[in-house]
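Participant: Pasting coords-v5.txt here (compact mmCIF, C-alpha atoms and all ligand atoms):
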# COMPACT_ATOMS: atom_id res chain seq x y z
CA MET A 123 72.81 42.54 91.12
CA LYS A 124 73.48 39.12 89.65
CA PRO A 125 70.85 38.81 86.90
CA LYS A 126 70.92 35.03 86.95
CA GLN A 127 69.74 34.98 90.55
CA TYR A 128 66.27 36.06 89.36
CA GLN A 129 63.96 33.53 87.79
CA ASN A 130 60.60 35.25 88.03
CA ILE A 131 60.70 38.88 87.07
CA VAL A 132 57.51 40.96 87.01
CA PHE A 133 57.17 44.45 85.58
CA LEU A 134 54.24 46.61 86.68
CA THR A 135 53.86 49.49 84.28
CA GLY A 136 51.73 52.62 84.40
CA ALA A 137 51.13 55.74 82.36
CA GLY A 138 54.67 57.02 83.03
CA ILE A 139 56.23 54.43 80.72
CA SER A 140 54.13 55.74 77.83
CA ALA A 141 54.64 59.43 78.69
CA PRO A 142 57.92 59.69 76.72
CA SER A 143 55.95 58.45 73.69
CA GLY A 144 53.60 61.41 74.07
CA ILE A 145 50.59 59.87 75.82
CA PRO A 146 49.61 62.08 78.76
CA THR A 147 49.63 60.48 82.20
CA PHE A 148 46.42 60.53 84.24
CA ARG A 149 47.42 62.73 87.13
CA GLY A 150 50.21 64.97 85.84
CA SER A 151 49.75 68.71 85.25
CA ASN A 152 48.81 67.94 81.63
CA GLY A 153 46.92 64.83 82.78
CA LEU A 154 44.26 63.07 80.79
CA TRP A 155 41.64 63.55 83.49
CA ASN A 156 42.23 67.34 83.54
CA ASN A 157 40.35 67.79 80.27
CA TYR A 158 37.49 65.41 80.98
CA PRO A 159 35.71 64.92 84.29
CA LEU A 160 36.65 61.42 85.37
CA GLU A 161 33.11 60.79 86.62
CA ASP A 162 31.71 61.48 83.11
CA VAL A 163 34.00 59.24 81.07
CA ALA A 164 35.82 56.75 83.25
CA THR A 165 33.40 55.17 85.68
CA ILE A 166 31.14 52.22 84.99
CA GLU A 167 28.23 54.33 86.26
CA ALA A 168 29.00 56.96 83.59
CA PHE A 169 28.98 54.27 80.92
CA ARG A 170 25.63 52.88 82.11
CA ARG A 171 24.19 56.42 82.32
CA ASN A 172 25.38 57.71 78.96
CA PRO A 173 27.12 55.00 76.90
CA ASN A 174 27.28 57.08 73.72
CA TYR A 175 29.18 59.87 75.47
CA VAL A 176 31.76 57.39 76.75
CA HIS A 177 31.98 55.65 73.35
CA LYS A 178 32.58 59.09 71.78
CA PHE A 179 35.39 59.83 74.26
CA ILE A 180 37.02 56.46 73.54
CA ASN A 181 36.51 56.77 69.75
CA GLU A 182 38.26 60.16 69.82
CA LEU A 183 41.12 58.96 72.00
CA LYS A 184 41.70 55.64 70.19
CA PRO A 185 43.34 56.77 66.89
CA THR A 186 45.89 58.96 68.69
CA ILE A 187 46.79 56.22 71.12
CA LEU A 188 47.01 53.56 68.42
CA GLU A 189 49.26 55.77 66.25
CA THR A 190 51.71 56.33 69.10
CA LEU A 191 55.05 54.55 68.94
CA PRO A 192 56.86 52.78 71.77
CA ASN A 193 59.90 54.38 73.37
CA ALA A 194 63.23 53.11 74.67
CA ALA A 195 61.69 51.97 77.98
CA HIS A 196 59.35 49.56 76.19
CA TYR A 197 62.24 48.29 74.04
CA ALA A 198 64.39 47.81 77.15
CA ILE A 199 61.86 45.24 78.39
CA THR A 200 62.13 43.37 75.06
CA ASP A 201 65.92 43.48 75.42
CA MET A 202 65.69 42.09 78.94
CA GLN A 203 63.40 39.28 77.77
CA LYS A 204 65.98 38.39 75.11
CA LEU A 205 68.93 38.66 77.50
CA CYS A 206 67.41 36.59 80.32
CA LEU A 207 66.17 33.57 78.45
CA ASN A 208 66.23 31.42 81.58
CA ALA A 209 63.93 33.76 83.51
CA ASN A 210 60.20 34.22 83.27
CA ILE A 211 59.62 37.90 82.57
CA ASP A 212 56.02 39.09 82.64
CA VAL A 213 54.57 42.56 82.19
CA ILE A 214 51.48 43.56 84.14
CA THR A 215 50.34 46.82 82.63
CA GLN A 216 47.70 49.29 83.72
CA ASN A 217 47.97 50.96 80.34
CA ILE A 218 45.27 50.60 77.72
CA ASP A 219 47.70 51.44 74.90
CA THR A 220 49.47 48.69 72.97
CA LEU A 221 53.03 50.02 73.15
CA HIS A 222 54.40 46.97 74.98
CA GLU A 223 53.18 44.75 72.13
CA LYS A 224 54.46 47.15 69.46
CA ALA A 225 57.91 47.04 71.07
CA GLY A 226 57.87 43.24 70.97
CA ASN A 227 57.34 42.55 74.68
CA ASN A 228 56.05 39.05 75.43
CA HIS A 229 53.72 37.94 78.23
CA VAL A 230 51.88 41.26 78.59
CA HIS A 231 48.78 41.27 80.82
CA HIS A 232 46.47 44.26 80.41
CA ILE A 233 44.75 44.38 83.79
CA HIS A 234 42.89 47.59 82.83
CA GLY A 235 42.00 46.35 79.34
CA ARG A 236 42.99 47.62 75.90
CA ILE A 237 41.63 50.55 73.92
CA ASP A 238 41.63 48.50 70.71
CA ASN A 239 39.23 45.90 72.14
CA ALA A 240 35.51 45.83 72.91
CA ARG A 241 33.57 43.14 74.73
CA CYS A 242 30.02 42.07 74.00
CA GLU A 243 28.15 42.18 77.28
CA ARG A 244 25.68 39.60 75.96
CA CYS A 245 27.89 36.82 74.57
CA GLY A 246 31.22 37.80 76.14
CA CYS A 247 33.25 37.79 72.92
CA ILE A 248 36.19 40.18 72.70
CA LEU A 249 36.57 42.04 69.43
CA ASP A 250 39.38 43.93 67.75
CA VAL A 251 37.87 47.39 67.26
CA SER A 252 41.06 49.19 66.30
CA LYS A 253 39.44 50.23 63.02
CA LEU A 254 35.82 50.41 64.18
CA GLU A 255 34.00 53.26 65.93
CA VAL A 256 31.76 51.52 68.44
CA ASN A 257 28.47 53.12 69.55
CA THR A 258 25.11 52.03 70.95
CA LYS A 259 23.97 50.88 67.51
CA THR A 260 26.94 48.60 66.79
CA ILE A 261 25.99 44.97 66.17
CA CYS A 262 28.04 42.22 67.79
CA PRO A 263 29.41 40.16 64.89
CA SER A 264 29.23 37.04 67.00
CA CYS A 265 25.74 37.01 68.62
CA LYS A 266 24.23 39.78 66.42
CA THR A 267 22.89 41.70 69.43
CA ILE A 268 22.63 45.46 68.90
CA GLY A 269 24.19 47.94 71.33
CA ARG A 270 25.78 45.67 73.90
CA LEU A 271 29.44 46.33 73.07
CA LYS A 272 31.43 47.89 75.90
CA PRO A 273 34.95 49.26 75.54
CA HIS A 274 37.20 46.51 76.91
CA ILE A 275 38.59 48.96 79.41
CA VAL A 276 38.32 48.65 83.15
CA PHE A 277 36.39 51.67 84.33
CA PHE A 278 36.51 52.92 87.89
CA HIS A 279 34.36 50.75 90.18
CA GLU A 280 34.96 47.67 88.02
CA PRO A 281 37.25 44.76 88.96
CA ILE A 282 40.58 44.41 87.18
CA LEU A 283 41.16 41.66 84.58
CA TYR A 284 43.42 38.61 84.79
CA THR A 285 43.46 38.44 88.61
CA SER A 286 44.32 34.74 88.67
CA ILE A 287 47.37 35.32 86.43
CA VAL A 288 48.46 38.25 88.60
CA ASP A 289 48.03 36.19 91.78
CA LYS A 290 50.22 33.42 90.32
CA LEU A 291 52.90 35.88 89.20
CA LEU A 292 53.01 37.63 92.59
CA GLU A 293 53.18 34.30 94.39
CA LYS A 294 56.58 33.47 92.89
CA VAL A 295 58.05 36.86 91.86
CA ASP A 296 61.66 37.41 92.92
CA LEU A 297 62.32 40.72 91.15
CA PHE A 298 59.48 43.25 90.94
CA ILE A 299 60.01 46.35 88.82
CA ALA A 300 57.41 49.14 88.78
CA VAL A 301 57.74 51.69 85.99
CA GLY A 302 55.93 55.04 85.82
CA THR A 303 53.03 54.43 88.16
CA SER A 304 51.89 56.73 90.92
CA GLY A 305 50.53 53.98 93.15
CA ASN A 306 47.17 55.68 93.48
CA VAL A 307 44.87 53.03 92.04
CA PHE A 308 44.26 49.74 93.79
CA PRO A 309 44.64 46.83 93.51
CA ALA A 310 47.78 47.50 91.37
CA ALA A 311 49.04 49.95 93.99
CA GLY A 312 49.24 47.04 96.44
CA PHE A 313 51.29 44.72 94.23
CA THR A 314 54.59 46.13 95.52
CA THR A 315 53.65 45.28 99.10
CA ILE A 316 52.66 41.74 98.11
CA ALA A 317 55.89 41.26 96.11
CA LYS A 318 57.96 42.51 99.05
CA GLN A 319 56.11 40.23 101.46
CA LYS A 320 56.90 37.30 99.15
CA GLY A 321 60.59 38.17 99.44
CA ALA A 322 61.12 39.84 96.06
CA LYS A 323 63.55 42.66 95.43
CA THR A 324 61.47 45.70 94.49
CA ILE A 325 62.58 48.59 92.30
CA LEU A 326 60.72 51.70 91.13
CA PHE A 327 61.53 53.69 87.99
CA ASP A 328 59.71 57.04 88.05
CA ILE A 329 60.42 60.73 87.58
CA GLU A 330 59.07 61.34 91.09
CA PRO A 331 60.21 59.59 94.26
CA SER A 332 57.57 57.46 95.98
CA ALA A 333 56.77 57.42 99.68
CA ASN A 334 56.00 53.69 99.42
CA PRO A 335 58.39 52.05 101.94
CA PHE A 336 58.14 48.69 100.17
CA PHE A 337 60.49 49.74 97.36
CA ASP A 338 64.08 48.60 98.03
CA GLU A 339 65.43 50.92 95.37
CA GLN A 340 64.09 53.93 93.49
CA ILE A 341 65.67 55.01 90.21
CA ILE A 342 64.47 58.54 89.59
CA GLY A 343 64.39 59.93 86.06
CA ASP A 344 62.72 59.57 82.69
CA ALA A 345 62.10 55.82 82.28
CA SER A 346 63.05 56.00 78.58
CA GLU A 347 66.57 56.84 79.78
CA THR A 348 66.85 55.06 83.12
CA LEU A 349 65.37 51.67 82.17
CA PRO A 350 67.57 51.04 79.07
CA LYS A 351 70.63 52.07 81.12
CA PHE A 352 69.62 49.70 83.93
CA VAL A 353 69.15 46.76 81.51
CA GLU A 354 72.44 47.53 79.79
CA GLU A 355 74.39 47.91 83.05
CA ARG A 356 72.90 45.06 85.04
CA PHE A 357 71.71 42.49 82.51
CA ALA A 358 73.76 42.78 79.33
CA ILE A 359 76.66 40.36 78.95
CA HIS A 360 79.85 42.39 78.63
P1 LIG B 401 49.44 58.19 86.96
O1 LIG B 401 49.17 59.32 86.01
O2 LIG B 401 48.68 58.16 88.23
O3 LIG B 401 50.97 58.16 87.32
C1 LIG B 401 51.97 58.25 86.33
C2 LIG B 401 53.31 58.09 87.00
O4 LIG B 401 54.27 58.13 85.98
C3 LIG B 401 53.64 59.19 88.00
O5 LIG B 401 54.20 58.59 89.17
C4 LIG B 401 54.69 60.03 87.28
O6 LIG B 401 55.64 60.60 88.17
C5 LIG B 401 55.34 58.98 86.39
N1 LIG B 401 55.99 59.48 85.17
C6 LIG B 401 55.57 60.45 84.32
N2 LIG B 401 56.43 60.60 83.30
C7 LIG B 401 57.41 59.69 83.48
C8 LIG B 401 58.59 59.31 82.76
N3 LIG B 401 58.96 59.93 81.63
N4 LIG B 401 59.38 58.34 83.27
C9 LIG B 401 59.04 57.71 84.42
N5 LIG B 401 57.94 58.00 85.14
C10 LIG B 401 57.13 58.95 84.68
O7 LIG B 401 49.23 56.85 86.11
P2 LIG B 401 49.07 55.34 86.61
O8 LIG B 401 49.83 55.09 87.86
O9 LIG B 401 49.31 54.47 85.45
O10 LIG B 401 43.11 53.46 85.53
O11 LIG B 401 47.54 55.32 86.94
C11 LIG B 401 46.94 54.10 87.31
C12 LIG B 401 45.54 54.04 86.78
O12 LIG B 401 44.84 55.22 87.14
C13 LIG B 401 45.42 54.02 85.28
O13 LIG B 401 45.60 52.77 84.71
C14 LIG B 401 44.03 54.48 85.08
C15 LIG B 401 44.05 55.64 86.03
O14 LIG B 401 42.88 56.05 86.52
C16 LIG B 401 42.05 53.16 84.80
O15 LIG B 401 41.82 53.64 83.72
C17 LIG B 401 41.16 52.15 85.43
Output the file's structure as C-alpha cells, nothing else.
Ligand code: OAD
Facilitator:
Amino acid sequence: MKPKQYQNIVFLTGAGISAPSGIPTFRGSNGLWNNYPLEDVATIEAFRRNPNYVHKFINELKPTILETLPNAAHYAITDMQKLCLNANIDVITQNIDTLHEKAGNNHVHHIHGRIDNARCERCGCILDVSKLEVNTKTICPSCKTIGRLKPHIVFFHEPILYTSIVDKLLEKVDLFIAVGTSGNVFPAAGFTTIAKQKGAKTILFDIEPSANPFFDEQIIGDASETLPKFVEERFAIH
C-alpha cells in the first residue's frame, strides 16, 4: 500500500474499537443489551412510553462511559491523521462514547449521537450534559421548557445523524477502514458496499471475520494491537 495514493480516508468505527478500553460491545457474550432488554431502553418507542426509565438507564451508564480512557486503536487514528497531512481523514463512529475525541482524533462524526449530549425537542438546542442527570423535570436552559430534553442518542427506529456529511464522505472515499463493527445495524452496515461501489479499497479490523464480500482485506485480531501495527507498518515514514 502506498499511503500517498489515498486522499480521502474514512474510518467507520463500532463498539469493538472501544472494547479494549472496557466498554462492552452490544452483541458479544457480555454485551450491553444482555443486561437490559433493548426494547425497554434503546428504542424511540420505549423513550416515548417511559422517558424516566430510559433517562435512568442513560444516567447510570454515562459516568462509567465518560470515565473510560481511549486505547491504542483510537491513538492510532490520531497518529495516522498526523502522518498523512495531505489526506482528508474522517471518522464516522457509531459509538456514543467520546474516546475518539479524548485520543485527539479530528473530524469525528457521531452518527448515533453522544452520551454526553442532550437535545431539547422543543427548541432543538444541543446541551453538554456530561455533569447533569437529565430527567422529565429538567428545564431546557435555552427555551426554559420543562421535560423536553432527550438523550442525544439515536435510538432504534430513529434516523441517523449527519447523513449529508456521510453522503459526501462516501462519494469521494478512496480508502475505507471499518473497525470493530458487526455490520448488523443499517444504514452504517451498508457503508462498506457504497465505498466499494465508489472504487475505494476496503479493510476491516475485527476480532471476528466478516462474511461481507465487499471487504478487500480483513485484519483479524484485537484492534488495539492490529490498528497501531497497520499504521506503523503502512503509513509511518521509515
Ligand atoms: P456490535 O456489538 O454489534 O459489534 C462489535 C464488533 O466489534 C463485533 O464484530 C466484534 O467482533 C468486534 N470486536 C469486539 N472486540 C473487539 C476488539 N478488541 N478488536 C476488534 N474488534 C472487536 O457493535 P456495533 O457494530 O458498533 O446502535 O453495533 C452497531 C450499533 O448497534 C451500535 O451503534 C448501537 C447498536 O445497537 C445504536 O445504539 C443505535
Participant: Could you tell me, counting only C-alpha atoms and all ligand atoms, which protein and nucleic acid residues lie no more than 7 Å from ligand LIG 401 (chain B), written as a short mmCIF file (atom, residue, chain, number, x, y, z; two decimals) with C-alpha atoms, in the coordinates of the input?
Facilitator:
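Now in pocket-v2.cif:
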data_model
loop_
_atom_site.label_atom_id
_atom_site.label_comp_id
_atom_site.auth_asym_id
_atom_site.auth_seq_id
_atom_site.Cartn_x
_atom_site.Cartn_y
_atom_site.Cartn_z
CA THR A 135 53.86 49.49 84.28
CA GLY A 136 51.73 52.62 84.40
CA ALA A 137 51.13 55.74 82.36
CA GLY A 138 54.67 57.02 83.03
CA ILE A 139 56.23 54.43 80.72
CA ALA A 141 54.64 59.43 78.69
CA PRO A 142 57.92 59.69 76.72
CA THR A 147 49.63 60.48 82.20
CA PHE A 148 46.42 60.53 84.24
CA ARG A 149 47.42 62.73 87.13
CA GLY A 150 50.21 64.97 85.84
CA GLY A 153 46.92 64.83 82.78
CA ALA A 164 35.82 56.75 83.25
CA GLN A 216 47.70 49.29 83.72
CA ASN A 217 47.97 50.96 80.34
CA HIS A 234 42.89 47.59 82.83
CA VAL A 276 38.32 48.65 83.15
CA PHE A 277 36.39 51.67 84.33
CA PHE A 278 36.51 52.92 87.89
CA VAL A 301 57.74 51.69 85.99
CA GLY A 302 55.93 55.04 85.82
CA THR A 303 53.03 54.43 88.16
CA SER A 304 51.89 56.73 90.92
CA GLY A 305 50.53 53.98 93.15
CA ASN A 306 47.17 55.68 93.48
CA VAL A 307 44.87 53.03 92.04
CA PHE A 327 61.53 53.69 87.99
CA ASP A 328 59.71 57.04 88.05
CA ILE A 329 60.42 60.73 87.58
CA GLU A 330 59.07 61.34 91.09
CA GLY A 343 64.39 59.93 86.06
CA ASP A 344 62.72 59.57 82.69
CA ALA A 345 62.10 55.82 82.28
CA SER A 346 63.05 56.00 78.58
#
Participant: Would you mind telling me which residue in A:Glu280, A:Phe337, A:Pro273, A:Lys294 lies nearest to A:Lys178 when using all atoms listed in the file?
Facilitator: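 Counting all atoms listed in the file, the residue closest to A:Lys178 is A:Pro273.
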Participant: Tell me, in Å to one decimal, how far atom CA of A:Ile199 is from atom CA of A:Ile287.
Facilitator: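 Going from atom CA of A:Ile199 over to atom CA of A:Ile287, I get 19.3 Å.
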Participant: In Å to one decimal, how far is atom CA of A:Glu354 from atom CA of A:Leu134?
Facilitator: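 That distance, rounded to one decimal, is 19.5 Å.
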Participant: Which one of A:Phe313, A:Ile359, A:His229, A:Ala322 sits closest to A:Gln127 if you count all atoms listed in the file?
Facilitator: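 Ranking A:Phe313, A:Ile359, A:His229, A:Ala322 by distance to A:Gln127, first place goes to A:Ala322.
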Participant: How many Å lie between atom CA of A:Asp250 and atom CA of A:Thr215, rounded to one decimal?
Facilitator: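 Atom-to-atom, atom CA of A:Asp250 and atom CA of A:Thr215 are spaced 18.7 Å apart.
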Participant: I'd like to know which of A:Asn193, A:Thr220, A:Lys184, A:Val132 is closest to A:Thr314, using all atoms listed in the file.
Facilitator: A:Val132
